[in-house]
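Novice: Please find start-v6.pdb (PDB, C-alpha atoms) on the next line:
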```pdb
ATOM      1  CA  MET R   1      10.433  91.450-103.578
ATOM      2  CA  ASN R   2      11.020  89.699-100.238
ATOM      3  CA  THR R   3      13.532  87.160-101.477
ATOM      4  CA  GLN R   4      15.171  86.677 -98.094
ATOM      5  CA  LEU R   5      11.832  86.389 -96.293
ATOM      6  CA  ALA R   6      10.727  83.788 -98.847
ATOM      7  CA  GLU R   7      13.937  81.824 -98.283
ATOM      8  CA  LEU R   8      13.515  81.949 -94.508
ATOM      9  CA  MET R   9       9.903  80.843 -94.756
ATOM     10  CA  ASP R  10      10.946  77.964 -97.055
ATOM     11  CA  ARG R  11      13.271  76.812 -94.284
ATOM     12  CA  ALA R  12      10.507  77.221 -91.698
ATOM     13  CA  VAL R  13       8.057  75.229 -93.814
ATOM     14  CA  ALA R  14      10.661  72.516 -94.387
ATOM     15  CA  THR R  15      11.588  72.125 -90.718
ATOM     16  CA  ILE R  16       7.931  71.936 -89.636
ATOM     17  CA  SER R  17       7.229  69.342 -92.302
ATOM     18  CA  GLU R  18      10.328  67.347 -91.381
ATOM     19  CA  HIS R  19       9.452  67.351 -87.671
ATOM     20  CA  ALA R  20       5.654  67.170 -87.861
ATOM     21  CA  GLN R  21       5.592  63.596 -86.608
ATOM     22  CA  GLU R  22       7.863  64.436 -83.684
ATOM     23  CA  LEU R  23       5.689  67.435 -82.744
ATOM     24  CA  THR R  24       2.636  65.219 -82.860
ATOM     25  CA  GLU R  25       4.280  62.610 -80.650
ATOM     26  CA  LEU R  26       5.299  65.222 -78.067
ATOM     27  CA  ASP R  27       1.752  66.578 -78.123
ATOM     28  CA  GLN R  28       0.246  63.104 -77.788
ATOM     29  CA  ALA R  29       2.224  62.700 -74.574
ATOM     30  CA  ILE R  30       0.918  65.827 -72.843
ATOM     31  CA  GLY R  31      -1.651  67.512 -75.115
ATOM     32  CA  ASP R  32      -4.258  66.648 -77.709
ATOM     33  CA  GLY R  33      -1.868  65.288 -80.315
ATOM     34  CA  ASP R  34      -2.615  67.754 -83.097
ATOM     35  CA  HIS R  35       0.346  70.120 -82.933
ATOM     36  CA  GLY R  36       2.327  68.550 -85.776
ATOM     37  CA  LEU R  37      -0.619  68.389 -88.150
ATOM     38  CA  ASN R  38      -1.833  71.863 -87.239
ATOM     39  CA  MET R  39       1.582  73.420 -87.740
ATOM     40  CA  GLN R  40       2.050  71.565 -91.005
ATOM     41  CA  ARG R  41      -1.328  72.764 -92.276
ATOM     42  CA  GLY R  42      -0.459  76.350 -91.345
ATOM     43  CA  PHE R  43       3.046  76.376 -92.790
ATOM     44  CA  ASP R  44       1.976  74.569 -95.956
ATOM     45  CA  ALA R  45      -0.590  77.355 -96.392
ATOM     46  CA  ILE R  46       2.207  79.929 -96.035
ATOM     47  CA  ALA R  47       4.087  78.150 -98.826
ATOM     48  CA  THR R  48       1.096  77.873-101.152
ATOM     49  CA  SER R  49       0.093  81.510-100.564
ATOM     50  CA  ARG R  50       3.597  82.763-101.261
ATOM     51  CA  ASP R  51       2.542  84.755-104.347
ATOM     52  CA  GLU R  52       0.118  86.718-102.155
ATOM     53  CA  TRP R  53       2.803  88.015 -99.798
ATOM     54  CA  ARG R  54       6.157  87.847-101.546
ATOM     55  CA  ASP R  55       5.833  91.192-103.329
ATOM     56  CA  LEU R  56       4.380  93.125-100.395
ATOM     57  CA  ALA R  57       6.446  95.422 -98.185
ATOM     58  CA  LEU R  58       8.319  93.356 -95.584
ATOM     59  CA  GLY R  59       6.035  94.253 -92.671
ATOM     60  CA  ALA R  60       2.875  93.665 -94.680
ATOM     61  CA  ALA R  61       4.219  90.314 -95.920
ATOM     62  CA  VAL R  62       4.940  89.158 -92.370
ATOM     63  CA  ARG R  63       1.477  90.299 -91.229
ATOM     64  CA  LYS R  64      -0.067  88.342 -94.090
ATOM     65  CA  ILE R  65       1.869  85.254 -93.001
ATOM     66  CA  GLY R  66       0.494  85.744 -89.490
ATOM     67  CA  MET R  67      -3.051  86.044 -90.766
ATOM     68  CA  THR R  68      -2.594  82.853 -92.803
ATOM     69  CA  LEU R  69      -1.585  80.989 -89.644
ATOM     70  CA  VAL R  70      -4.588  82.364 -87.747
ATOM     71  CA  MET R  71      -6.926  81.232 -90.497
ATOM     72  CA  LYS R  72      -5.424  77.846 -91.353
ATOM     73  CA  VAL R  73      -4.001  76.193 -88.258
ATOM     74  CA  GLY R  74      -7.195  75.429 -86.367
ATOM     75  CA  GLY R  75      -5.624  75.144 -82.911
ATOM     76  CA  ALA R  76      -4.260  77.433 -80.236
ATOM     77  CA  SER R  77      -0.922  77.457 -82.053
ATOM     78  CA  GLY R  78      -2.570  79.301 -84.970
ATOM     79  CA  ALA R  79      -3.745  82.133 -82.753
ATOM     80  CA  LEU R  80      -0.396  82.219 -80.929
ATOM     81  CA  TYR R  81       2.017  82.020 -83.867
ATOM     82  CA  GLY R  82      -0.381  84.124 -85.924
ATOM     83  CA  SER R  83      -0.355  86.841 -83.266
ATOM     84  CA  PHE R  84       3.438  86.648 -83.148
ATOM     85  CA  PHE R  85       3.868  87.204 -86.882
ATOM     86  CA  MET R  86       1.157  89.872 -87.041
ATOM     87  CA  ALA R  87       2.769  91.910 -84.250
ATOM     88  CA  LEU R  88       6.238  91.288 -85.709
ATOM     89  CA  GLY R  89       5.115  92.534 -89.117
ATOM     90  CA  GLN R  90       3.431  95.542 -87.557
ATOM     91  CA  GLN R  91       6.824  96.704 -86.253
ATOM     92  CA  LEU R  92       9.129  95.794 -89.147
ATOM     93  CA  PRO R  93      10.412  98.568 -91.436
ATOM     94  CA  ASP R  94      11.414  97.667 -95.008
ATOM     95  CA  SER R  95      15.134  97.303 -94.197
ATOM     96  CA  PRO R  96      15.283  96.561 -90.480
ATOM     97  CA  SER R  97      18.451  97.168 -88.474
ATOM     98  CA  GLY R  98      19.387  94.719 -85.725
ATOM     99  CA  ALA R  99      17.709  97.006 -83.202
ATOM    100  CA  ASP R 100      14.548  97.187 -85.344
ATOM    101  CA  LEU R 101      14.481  93.411 -85.535
ATOM    102  CA  ALA R 102      14.979  93.041 -81.783
ATOM    103  CA  ALA R 103      12.150  95.493 -81.081
ATOM    104  CA  ALA R 104       9.837  93.743 -83.557
ATOM    105  CA  VAL R 105      10.569  90.294 -82.106
ATOM    106  CA  ALA R 106       9.920  91.666 -78.613
ATOM    107  CA  ALA R 107       6.561  92.998 -79.806
ATOM    108  CA  GLY R 108       5.768  89.609 -81.314
ATOM    109  CA  VAL R 109       6.607  87.812 -78.081
ATOM    110  CA  ASP R 110       4.494  90.285 -76.087
ATOM    111  CA  SER R 111       1.613  89.519 -78.369
ATOM    112  CA  VAL R 112       1.969  85.768 -77.684
ATOM    113  CA  ARG R 113       2.093  86.489 -73.972
ATOM    114  CA  GLN R 114      -1.106  88.509 -74.136
ATOM    115  CA  ARG R 115      -2.948  86.109 -76.416
ATOM    116  CA  GLY R 116      -2.061  83.116 -74.260
ATOM    117  CA  ARG R 117      -2.291  85.035 -70.966
ATOM    118  CA  SER R 118       0.944  83.310 -70.112
ATOM    119  CA  GLU R 119       4.521  84.009 -69.067
ATOM    120  CA  ALA R 120       7.789  82.097 -69.376
ATOM    121  CA  GLY R 121       8.055  79.246 -66.864
ATOM    122  CA  GLU R 122       4.657  77.719 -67.663
ATOM    123  CA  LYS R 123       5.901  75.038 -70.088
ATOM    124  CA  THR R 124       4.948  76.768 -73.329
ATOM    125  CA  MET R 125       6.510  78.246 -76.459
ATOM    126  CA  LEU R 126       7.258  81.343 -74.357
ATOM    127  CA  ASP R 127      10.014  79.380 -72.600
ATOM    128  CA  VAL R 128      11.864  79.524 -75.928
ATOM    129  CA  LEU R 129      10.643  82.843 -77.313
ATOM    130  CA  VAL R 130      11.166  85.020 -74.227
ATOM    131  CA  PRO R 131      14.868  84.167 -73.717
ATOM    132  CA  VAL R 132      15.495  84.270 -77.479
ATOM    133  CA  SER R 133      14.038  87.779 -77.623
ATOM    134  CA  GLN R 134      16.189  88.834 -74.652
ATOM    135  CA  THR R 135      19.327  87.335 -76.204
ATOM    136  CA  LEU R 136      18.599  89.137 -79.469
ATOM    137  CA  ARG R 137      18.090  92.457 -77.723
ATOM    138  CA  SER R 138      21.208  92.248 -75.562
ATOM    139  CA  GLY R 139      23.347  90.821 -78.377
ATOM    140  CA  VAL R 140      22.382  93.693 -80.682
ATOM    141  CA  SER R 141      22.911  96.362 -78.032
ATOM    142  CA  ASP R 142      26.258  94.832 -77.023
ATOM    143  CA  GLY R 143      27.355  94.813 -80.658
ATOM    144  CA  HIS R 144      27.904  91.057 -81.066
ATOM    145  CA  ASP R 145      28.859  90.120 -84.596
ATOM    146  CA  ARG R 146      26.265  88.369 -86.721
ATOM    147  CA  TRP R 147      27.715  84.861 -86.513
ATOM    148  CA  THR R 148      28.147  85.037 -82.729
ATOM    149  CA  LEU R 149      24.651  86.382 -82.227
ATOM    150  CA  LEU R 150      23.005  83.755 -84.436
ATOM    151  CA  THR R 151      24.863  81.012 -82.560
ATOM    152  CA  GLU R 152      23.783  82.509 -79.232
ATOM    153  CA  LEU R 153      20.179  82.605 -80.393
ATOM    154  CA  VAL R 154      20.133  78.935 -81.380
ATOM    155  CA  ASN R 155      21.813  77.968 -78.100
ATOM    156  CA  THR R 156      19.326  80.064 -76.130
ATOM    157  CA  ALA R 157      16.416  78.419 -77.952
ATOM    158  CA  ALA R 158      17.820  74.941 -77.263
ATOM    159  CA  ALA R 159      18.282  75.730 -73.567
ATOM    160  CA  GLY R 160      14.758  77.181 -73.370
ATOM    161  CA  LEU R 161      13.313  74.054 -74.940
ATOM    162  CA  GLU R 162      15.216  71.769 -72.585
ATOM    163  CA  ALA R 163      14.090  73.864 -69.610
ATOM    164  CA  THR R 164      10.470  72.894 -70.308
ATOM    165  CA  ARG R 165      11.185  69.219 -69.581
ATOM    166  CA  PRO R 166      11.028  69.362 -65.751
ATOM    167  CA  MET R 167       8.281  71.983 -65.715
ATOM    168  CA  ARG R 168       4.720  71.305 -64.695
ATOM    169  CA  ALA R 169       2.289  72.738 -67.261
ATOM    170  CA  THR R 170      -0.211  75.315 -66.071
ATOM    171  CA  LYS R 171      -1.476  76.446 -69.490
ATOM    172  CA  GLY R 172      -3.220  74.677 -72.313
ATOM    173  CA  ARG R 173      -4.345  71.068 -72.549
ATOM    174  CA  ALA R 174      -1.177  69.844 -70.789
ATOM    175  CA  SER R 175      -2.270  71.614 -67.589
ATOM    176  CA  TYR R 176      -5.048  69.012 -67.194
ATOM    177  CA  LEU R 177      -2.341  66.420 -66.613
ATOM    178  CA  GLY R 178      -0.861  68.232 -63.619
ATOM    179  CA  GLU R 179       2.157  66.332 -62.299
ATOM    180  CA  ARG R 180       2.089  63.953 -65.268
ATOM    181  CA  SER R 181       3.107  66.798 -67.577
ATOM    182  CA  ILE R 182       6.535  66.744 -65.898
ATOM    183  CA  ASP R 183       9.439  65.031 -67.732
ATOM    184  CA  HIS R 184       8.142  65.820 -71.199
ATOM    185  CA  LEU R 185       9.363  68.499 -73.597
ATOM    186  CA  ASP R 186       6.636  70.971 -74.468
ATOM    187  CA  PRO R 187       5.565  70.603 -78.127
ATOM    188  CA  GLY R 188       5.022  74.355 -78.571
ATOM    189  CA  ALA R 189       8.496  75.048 -77.200
ATOM    190  CA  MET R 190       9.813  72.432 -79.652
ATOM    191  CA  SER R 191       8.152  74.087 -82.653
ATOM    192  CA  SER R 192       9.470  77.482 -81.512
ATOM    193  CA  TYR R 193      12.967  76.042 -81.173
ATOM    194  CA  LEU R 194      12.747  74.491 -84.643
ATOM    195  CA  LEU R 195      11.612  77.774 -86.175
ATOM    196  CA  VAL R 196      14.282  79.852 -84.419
ATOM    197  CA  LYS R 197      16.937  77.361 -85.513
ATOM    198  CA  ALA R 198      15.736  77.311 -89.125
ATOM    199  CA  VAL R 199      15.632  81.096 -89.344
ATOM    200  CA  CYS R 200      19.068  81.514 -87.742
ATOM    201  CA  GLU R 201      20.550  78.936 -90.115
ATOM    202  CA  GLY R 202      18.915  80.771 -92.994
ATOM    203  CA  LEU R 203      20.517  84.005 -91.849
ATOM    204  CA  GLY R 204      23.910  82.343 -91.941
ATOM    205  CA  GLY R 205      24.375  81.090 -88.408
ATOM    206  CA  ALA R 206      25.799  77.824 -87.160
ATOM    207  CA  SER R 207      23.783  74.714 -87.893
TER     208      SER R 207
ATOM    209  CA  MET H   1     -35.182  96.190 -72.140
ATOM    210  CA  SER H   2     -35.874  97.410 -75.656
ATOM    211  CA  GLY H   3     -39.059  97.403 -77.704
ATOM    212  CA  SER H   4     -40.571  94.231 -79.073
ATOM    213  CA  GLN H   5     -38.984  94.748 -82.488
ATOM    214  CA  ALA H   6     -35.422  94.854 -81.130
ATOM    215  CA  PRO H   7     -33.404  91.787 -82.082
ATOM    216  CA  ALA H   8     -32.126  89.560 -79.292
ATOM    217  CA  VAL H   9     -28.426  89.210 -78.443
ATOM    218  CA  GLY H  10     -26.904  86.670 -80.827
ATOM    219  CA  ILE H  11     -25.358  83.431 -79.574
ATOM    220  CA  VAL H  12     -22.461  81.599 -81.246
ATOM    221  CA  ILE H  13     -21.381  78.114 -80.137
ATOM    222  CA  VAL H  14     -17.790  77.088 -80.953
ATOM    223  CA  SER H  15     -16.494  73.601 -80.233
ATOM    224  CA  HIS H  16     -13.497  71.576 -81.394
ATOM    225  CA  SER H  17     -16.092  69.038 -82.481
ATOM    226  CA  PRO H  18     -18.875  69.811 -84.985
ATOM    227  CA  ASP H  19     -20.989  67.168 -83.246
ATOM    228  CA  VAL H  20     -20.669  68.908 -79.878
ATOM    229  CA  ALA H  21     -21.446  72.303 -81.420
ATOM    230  CA  ARG H  22     -24.466  70.970 -83.320
ATOM    231  CA  GLY H  23     -25.756  69.053 -80.300
ATOM    232  CA  THR H  24     -25.387  72.089 -78.056
ATOM    233  CA  ALA H  25     -27.250  74.199 -80.619
ATOM    234  CA  ASP H  26     -30.047  71.583 -80.661
ATOM    235  CA  MET H  27     -30.398  71.899 -76.898
ATOM    236  CA  VAL H  28     -30.508  75.688 -77.140
ATOM    237  CA  ARG H  29     -33.161  75.557 -79.866
ATOM    238  CA  GLN H  30     -35.269  73.266 -77.700
ATOM    239  CA  MET H  31     -35.250  75.963 -75.001
ATOM    240  CA  VAL H  32     -35.710  79.126 -77.028
ATOM    241  CA  GLY H  33     -36.954  78.068 -80.468
ATOM    242  CA  ASP H  34     -36.186  80.665 -83.118
ATOM    243  CA  SER H  35     -36.435  83.694 -80.815
ATOM    244  CA  VAL H  36     -32.660  84.098 -80.557
ATOM    245  CA  PRO H  37     -30.183  84.414 -83.461
ATOM    246  CA  LEU H  38     -28.018  81.304 -83.105
ATOM    247  CA  ALA H  39     -25.064  79.929 -85.053
ATOM    248  CA  TRP H  40     -22.518  77.210 -84.393
ATOM    249  CA  CYS H  41     -19.301  75.882 -85.844
ATOM    250  CA  GLY H  42     -16.826  73.160 -85.007
ATOM    251  CA  GLY H  43     -13.799  71.559 -86.584
ATOM    252  CA  ASN H  44     -10.567  72.918 -88.030
ATOM    253  CA  PRO H  45     -10.278  74.219 -91.617
ATOM    254  CA  ASP H  46      -9.698  70.622 -92.816
ATOM    255  CA  GLY H  47     -12.707  69.254 -90.949
ATOM    256  CA  GLY H  48     -10.762  67.525 -88.162
ATOM    257  CA  LEU H  49     -11.125  68.341 -84.472
ATOM    258  CA  GLY H  50     -10.213  71.976 -83.869
ATOM    259  CA  THR H  51     -11.581  75.411 -84.607
ATOM    260  CA  ASP H  52     -11.663  77.624 -87.664
ATOM    261  CA  THR H  53     -11.250  81.367 -87.090
ATOM    262  CA  GLU H  54     -12.854  82.252 -90.423
ATOM    263  CA  ALA H  55     -15.872  80.051 -89.676
ATOM    264  CA  ILE H  56     -16.249  81.638 -86.230
ATOM    265  CA  ARG H  57     -16.164  85.092 -87.771
ATOM    266  CA  GLY H  58     -18.818  83.978 -90.264
ATOM    267  CA  CYS H  59     -21.033  82.815 -87.388
ATOM    268  CA  ILE H  60     -20.619  86.128 -85.565
ATOM    269  CA  GLU H  61     -21.637  88.042 -88.689
ATOM    270  CA  LYS H  62     -24.615  85.750 -89.253
ATOM    271  CA  VAL H  63     -26.165  86.401 -85.839
ATOM    272  CA  TRP H  64     -24.950  89.975 -85.437
ATOM    273  CA  SER H  65     -27.116  92.920 -84.504
ATOM    274  CA  GLU H  66     -26.281  96.091 -82.616
ATOM    275  CA  ARG H  67     -27.392  94.244 -79.453
ATOM    276  CA  GLY H  68     -24.160  92.270 -79.706
ATOM    277  CA  VAL H  69     -23.027  88.651 -79.825
ATOM    278  CA  ALA H  70     -22.101  86.239 -77.013
ATOM    279  CA  LEU H  71     -19.655  83.389 -77.763
ATOM    280  CA  LEU H  72     -19.666  80.049 -75.940
ATOM    281  CA  VAL H  73     -16.504  78.022 -76.543
ATOM    282  CA  ASP H  74     -14.962  74.802 -75.296
ATOM    283  CA  LEU H  75     -11.217  74.217 -74.807
ATOM    284  CA  GLY H  76      -8.268  76.673 -74.965
ATOM    285  CA  GLY H  77      -7.622  76.751 -78.702
ATOM    286  CA  ALA H  78     -11.284  77.465 -79.360
ATOM    287  CA  GLU H  79     -11.115  80.317 -76.890
ATOM    288  CA  MET H  80      -8.076  81.875 -78.568
ATOM    289  CA  ASN H  81      -9.423  81.476 -82.086
ATOM    290  CA  ALA H  82     -12.787  82.869 -80.946
ATOM    291  CA  GLU H  83     -10.973  85.898 -79.538
ATOM    292  CA  MET H  84      -9.155  86.444 -82.835
ATOM    293  CA  ALA H  85     -12.427  86.102 -84.765
ATOM    294  CA  ALA H  86     -14.164  88.495 -82.360
ATOM    295  CA  GLU H  87     -11.426  91.098 -82.825
ATOM    296  CA  MET H  88     -11.765  90.831 -86.604
ATOM    297  CA  ALA H  89     -15.551  91.066 -86.439
ATOM    298  CA  VAL H  90     -15.401  94.111 -84.164
ATOM    299  CA  ALA H  91     -12.852  95.744 -86.479
ATOM    300  CA  ALA H  92     -15.309  95.167 -89.345
ATOM    301  CA  GLY H  93     -18.082  96.928 -87.387
ATOM    302  CA  HIS H  94     -19.736  93.775 -86.021
ATOM    303  CA  GLY H  95     -19.379  94.462 -82.308
ATOM    304  CA  PRO H  96     -19.763  94.224 -79.443
ATOM    305  CA  VAL H  97     -18.733  90.579 -79.066
ATOM    306  CA  VAL H  98     -17.977  88.874 -75.746
ATOM    307  CA  THR H  99     -16.642  85.422 -74.931
ATOM    308  CA  CYS H 100     -18.456  83.918 -71.943
ATOM    309  CA  ASN H 101     -16.272  82.171 -69.387
ATOM    310  CA  ALA H 102     -18.705  79.302 -68.974
ATOM    311  CA  PRO H 103     -19.076  75.606 -69.762
ATOM    312  CA  ILE H 104     -20.228  75.388 -73.367
ATOM    313  CA  VAL H 105     -23.483  73.439 -73.028
ATOM    314  CA  GLU H 106     -24.851  74.918 -69.804
ATOM    315  CA  GLY H 107     -23.523  78.357 -70.711
ATOM    316  CA  ALA H 108     -25.124  78.324 -74.155
ATOM    317  CA  VAL H 109     -28.513  77.274 -72.794
ATOM    318  CA  MET H 110     -28.412  79.927 -70.051
ATOM    319  CA  ALA H 111     -27.155  82.649 -72.383
ATOM    320  CA  ALA H 112     -29.820  81.935 -74.986
ATOM    321  CA  THR H 113     -32.599  81.784 -72.410
ATOM    322  CA  GLU H 114     -31.491  85.146 -71.023
ATOM    323  CA  SER H 115     -31.242  86.589 -74.520
ATOM    324  CA  SER H 116     -34.747  85.378 -75.378
ATOM    325  CA  MET H 117     -36.059  87.576 -72.557
ATOM    326  CA  GLY H 118     -34.674  90.646 -74.295
ATOM    327  CA  SER H 119     -31.734  91.117 -71.931
ATOM    328  CA  ASP H 120     -28.649  93.039 -72.974
ATOM    329  CA  LEU H 121     -25.253  91.559 -73.779
ATOM    330  CA  GLU H 122     -23.821  92.017 -70.289
ATOM    331  CA  GLU H 123     -26.858  90.307 -68.709
ATOM    332  CA  VAL H 124     -26.542  87.456 -71.185
ATOM    333  CA  ARG H 125     -22.876  87.029 -70.317
ATOM    334  CA  GLU H 126     -23.626  87.117 -66.586
ATOM    335  CA  ALA H 127     -26.336  84.493 -66.989
ATOM    336  CA  ALA H 128     -23.902  82.161 -68.778
ATOM    337  CA  GLU H 129     -21.085  82.771 -66.323
ATOM    338  CA  GLY H 130     -23.471  82.331 -63.376
ATOM    339  CA  VAL H 131     -23.585  78.624 -64.247
ATOM    340  CA  LEU H 132     -20.171  78.139 -62.684
TER     341      LEU H 132
END
```
Mind turning the file's structure into structure tokens?
Specialist:
Amino acid sequence: MNTQLAELMDRAVATISEHAQELTELDQAIGDGDHGLNMQRGFDAIATSRDEWRDLALGAAVRKIGMTLVMKVGGASGALYGSFFMALGQQLPDSPSGADLAAAVAAGVDSVRQRGRSEAGEKTMLDVLVPVSQTLRSGVSDGHDRWTLLTELVNTAAAGLEATRPMRATKGRASYLGERSIDHLDPGAMSSYLLVKAVCEGLGGAS
Amino acid sequence: MSGSQAPAVGIVIVSHSPDVARGTADMVRQMVGDSVPLAWCGGNPDGGLGTDTEAIRGCIEKVWSERGVALLVDLGGAEMNAEMAAEMAVAAGHGPVVTCNAPIVEGAVMAATESSMGSDLEEVREAAEGVL
């Protein structure tokens, strides 16, 4: 049974629910204003479908979570986060080592990149996910201890989020605003930061 | 061009708004009547503005034949969810499916008109994308 996965997803669901209004407000500023609601719908569906994935093998459970997001979110974030979790699950063995986890996260981030036809630097969730994936990979290969690595990951996510503020959006609905997208945090980067933070805290990192 | 019994390329219209999708489908029907398999969907799984991957996949399956299915979509999220739905449909044997890079209303009308002439999927896609 995926007890730890269930605990991590509980934290993810809680943080999305807690910050749904904030995500919506960020998205109202530069997007279509549905990011909070869409994410809440998707993560609530993960919680209510828990019995369908909790007893699966770890990889299959994570893929199922991804499919739930694809089916329930109803916006681009469903396809993007759904692709992330589906690719992540595809790569995860039952008891992943740090290196396994780093490789699986990298595959997940690649999947987001392909689905969104986007790269870091375009004011999207990739501005959080790409550096987080790199920090995870280098931290594991350099042998950082768990607490240090989790702290580094949260700090990297926070810096990635903040880096979206001065960027001009070239992807998604925010790109229609051109220059006016500058000086706003990207809502997708915010949800990615919140999820990274919740998962790292769940794994025992600094809060 | 195939024989007279061959089904036409199917057309699926996907909008964030059910009203836009329905209205676009009305305009297509006015052009081509019932000669082209046509389906539409709009709205997220709760009925608000957005798109529903499962509903899109259902539309693809409804209009599917071996001639293929052309999707016309509106904004970014619709495009990504349509791609996911297309991949699932293809994996389930309901391919080929293409997403036309075209404005939804003009593209749908052009694609359906081309399809009604018995053209193949690539010709239908080119007709829609030629609108730009």
Novice: Apply the PyMOL selection byres ((chain R and resi 20) around 8) to the structure shown and report the selected residues as a PDB file with C-alpha atoms, keeping the file's coordinate frame.
Specialist:
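Contents of the output file out26.pdb:
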```pdb
ATOM      1  CA  ILE R  16       7.931  71.936 -89.636  1.00  0.00           C
ATOM      2  CA  SER R  17       7.229  69.342 -92.302  1.00  0.00           C
ATOM      3  CA  GLU R  18      10.328  67.347 -91.381  1.00  0.00           C
ATOM      4  CA  HIS R  19       9.452  67.351 -87.671  1.00  0.00           C
ATOM      5  CA  GLN R  21       5.592  63.596 -86.608  1.00  0.00           C
ATOM      6  CA  GLU R  22       7.863  64.436 -83.684  1.00  0.00           C
ATOM      7  CA  LEU R  23       5.689  67.435 -82.744  1.00  0.00           C
ATOM      8  CA  THR R  24       2.636  65.219 -82.860  1.00  0.00           C
ATOM      9  CA  HIS R  35       0.346  70.120 -82.933  1.00  0.00           C
ATOM     10  CA  GLY R  36       2.327  68.550 -85.776  1.00  0.00           C
ATOM     11  CA  LEU R  37      -0.619  68.389 -88.150  1.00  0.00           C
ATOM     12  CA  MET R  39       1.582  73.420 -87.740  1.00  0.00           C
ATOM     13  CA  GLN R  40       2.050  71.565 -91.005  1.00  0.00           C
TER      14      GLN R  40
END
```
Novice: Run through the PyMOL selection byres ((chain H) within 7 of (chain R)) on the given coordinates and return the selected residues as a compact mmCIF listing (two decimals) with C-alpha atoms, in the coordinates of the input.
Specialist:
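Output (out.txt):
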```txt
# COMPACT_ATOMS: atom_id res chain seq x y z
CA ASN H 44 -10.57 72.92 -88.03
CA PRO H 45 -10.28 74.22 -91.62
CA GLY H 50 -10.21 71.98 -83.87
CA THR H 51 -11.58 75.41 -84.61
CA ASP H 52 -11.66 77.62 -87.66
CA THR H 53 -11.25 81.37 -87.09
CA GLU H 54 -12.85 82.25 -90.42
CA GLY H 76 -8.27 76.67 -74.96
CA GLY H 77 -7.62 76.75 -78.70
CA MET H 80 -8.08 81.88 -78.57
CA ASN H 81 -9.42 81.48 -82.09
CA MET H 84 -9.15 86.44 -82.84
```
Novice: In terms of the shortest atom-to-atom distance over all atoms listed in the file, which of R:Leu126, R:Met67, R:Gly178, R:Tyr81 is closest to Met88 (chain H)?
Specialist: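 Using all atoms listed in the file, the shortest distance to Met88 (chain H) belongs to R:Met67.
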Novice: Residues at most 6 Å from region 187-198 of chain R, counting all atoms listed in the file, excluding those fewer than 4 positions away in the same chain, as a compact mmCIF listing (two decimals) with C-alpha atoms, in the coordinates of the input?
Specialist:
```txt
# COMPACT_ATOMS: atom_id res chain seq x y z
CA ARG R 11 13.27 76.81 -94.28
CA ALA R 12 10.51 77.22 -91.70
CA LEU R 23 5.69 67.44 -82.74
CA LEU R 26 5.30 65.22 -78.07
CA ASP R 27 1.75 66.58 -78.12
CA THR R 124 4.95 76.77 -73.33
CA MET R 125 6.51 78.25 -76.46
CA VAL R 128 11.86 79.52 -75.93
CA VAL R 154 20.13 78.94 -81.38
CA ALA R 157 16.42 78.42 -77.95
CA LEU R 161 13.31 74.05 -74.94
```
Novice: Could you write out as a VMD selection string the residues that the PyMOL selection byres ((chain R and resi 94) around 10) matches in the shown file?
Specialist: chain R and resid 2 56 to 60 91 to 93 95 to 97
Novice: Can you report as lines of an AutoDock Vina configuration file the centre and edge lengths in Å, to one decimal, of an axis-aligned box around the listed atoms of region 10-21 of chain H padded with 5 Å on each side?
Specialist:
```
center_x = -20.2
center_y = 76.9
center_z = -82.3
size_x = 23.4
size_y = 29.5
size_z = 15.4
```
